[in-house]
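Working notes for the structure below.
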Amino acid sequence: MIGPKRLEIDDVVAQHLHALPGNLNHGVTHNLGAGVHAHDNLGQVGEGSRGEESGHVPQSYATKPRHAGKIRRQRLRPWVVASKLAVTALTLWLLWQSVVADRATAAAWRGLLTDAQRGPALAALLLVPLNWALEAWKWWRLARHLEPVSFARSFRAVLTGLTLGFVTPNRVGDYAGRLLELKNRRPEALGAVFLGRYCQLVITLLAGSGGVLYFVMRYLGPQYPLVAAGLGLTALLGNALVLLPLYRSRLLLTAVLQWRPLRRFQRYTANLPHYPTSVLNQVLLLSGLRYGVFTAQFGLLLAAYGAKVPLGAALAAIAGTFLLKSLVPSLNALTDVGARELSATHLFGLLGLPVLPVLSASLSLWVLNIALPSAAGLLFVLRLKVLRRSHRQPATGPAA
């Protein structure tokens, strides 16, 4: 038995059905007869609804389109291509300015090819692949705790990071280059890149402090023994403090993150305390081997340009040069060259060496280890997949 109230409501609704689209009108009519709310056909098919028979395909207006990510990648692709071309052009311009247009570097490079002794120069050139292979090995040891990664992919990431770091202040592009070569857990990899660079810095500080102390003891020790002793003690304490964050990173992060502005970086450094001591020791060892390769190349280039200096004094001057260069921030590749050459000529000048062979050796070292690999890394930058689907997986520990 249908009451008069229900009949009045049905009459009012029927009078307004002409204002609705055809398919929706059909759905409303059916829902009224079936006792189902009329809004069911808008978002979902209600029980007893016959929307499919009427040709109306139900669509949910509460969810995003399935291919929103694909559309977004298509919109960003032209900008990514433009960014790659800009990095390529800037890298080539900096290479031209630093290797060809700069008179000192061009003269050193031409001298290395013509006037220098071929044997030491060739040996320094052959050590370039070993240098960056050791760096790739370091990154492989660190990155495989984030996801399974091959050595070849690690080597490509190192060269990509080198090229991007060539055109960015203080080589921050090195972080982006290595992170973009990973498939998963990209934010957490920032801590891994920082850890690798920090290990290299530790070796530079340890060896460099010894090199600087050599000059302190040689020139200040006889006249100011207490000052020399105090500087030596300061160097020992400083080296101990440098090693502390490496092996006690959990305590250090806990203390640092007490400062509220730094808490935003917690997700990037959360993985640092999970690296075992054995891995840290291996990374430090690889950093030391790479430092030895740099030192050997510098010594070989000095010999190639005819610079003659005792071995101990040469090692101290090279270590001091690397230390002073690492302490000076660089805006780009050009300022990086100037800081190293200034420190090299000063320290070797204390040993009585002329400026020209030292300057030529230092500039040639930069061309061999930075400029040429950065140019080679352009091939990987152009092929770099910046836009990719997220394949986030749960962390399963280091790969075997």
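Starting from 1 in every chain, residues are counted up; chains themselves are A, B, ... following the order of the structure tokens, and ligands are numbered from 1 as listed.
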Which residues come within 10 Å of Gly210 in chain A, counting only C-alpha atoms, excluding same-chain residues fewer than 6 positions away, as an MDAnalysis selection string?
chainID A and resid 204 216 232 235:236 315:317 319:320 323
Extract, using only C-alpha atoms, all DNA, RNA and protein residues at most 12 Å from range 253-259 of chain A, discarding same-chain residues fewer than 2 positions from it, and format them as a count of residues only.
22
For the atom pair CA of Leu252 in chain A and CA of Gly173 in chain A, what is the interatomic distance in Å to one decimal place?
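Going from CA of Leu252 in chain A over to CA of Gly173 in chain A, I get 25.7 Å.
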Run DSSP on the backbone and give me the residues of range 236-361 of chain A it puts in helix (DSSP H, G or I), as a PyMOL selection string.
chain A and resi 236-247+249-256+260-269+272-274+277-304+311-327+333-350+355-361
For Tyr291 in chain A, find every residue with an atom within 12 Å (counting only C-alpha atoms), except residues of its own chain fewer than 5 positions away, and show them as a ChimeraX atom specification.
/A:127,130-132,134-135,199-208,284-286,296-298,315,318-319,322-323
Those selected residues, please, written with C-alpha atoms and delivered as a short mmCIF file (atom, residue, chain, number, x, y, z; two decimals), in the first residue's frame.
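The file below, part_19.cif, is the result:
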```cif
data_model
loop_
_atom_site.label_atom_id
_atom_site.label_comp_id
_atom_site.auth_asym_id
_atom_site.auth_seq_id
_atom_site.Cartn_x
_atom_site.Cartn_y
_atom_site.Cartn_z
CA LEU A 127 96.16 5.25 -13.92
CA LEU A 130 92.08 2.68 -12.11
CA ASN A 131 91.30 5.85 -10.22
CA TRP A 132 87.63 5.92 -11.20
CA LEU A 134 88.23 2.40 -7.32
CA GLU A 135 85.63 5.13 -6.88
CA CYS A 199 85.53 8.62 3.78
CA GLN A 200 87.60 10.20 1.00
CA LEU A 201 87.77 13.41 3.01
CA VAL A 202 88.95 11.50 6.09
CA ILE A 203 91.89 10.04 4.14
CA THR A 204 92.69 13.49 2.73
CA LEU A 205 92.67 15.04 6.20
CA LEU A 206 94.78 12.28 7.75
CA ALA A 207 97.43 12.36 5.04
CA GLY A 208 97.24 16.13 4.58
CA LEU A 284 88.19 3.64 3.88
CA LEU A 285 90.70 1.24 2.35
CA LEU A 286 89.42 1.96 -1.15
CA ALA A 296 101.32 8.62 -7.76
CA GLN A 297 99.88 10.51 -10.73
CA PHE A 298 101.02 13.84 -9.30
CA LEU A 315 104.82 13.36 -0.72
CA ILE A 318 101.35 16.68 -2.51
CA ALA A 319 99.42 15.75 0.66
CA PHE A 322 95.25 18.01 -1.59
CA LEU A 323 94.37 19.08 1.96
#
```
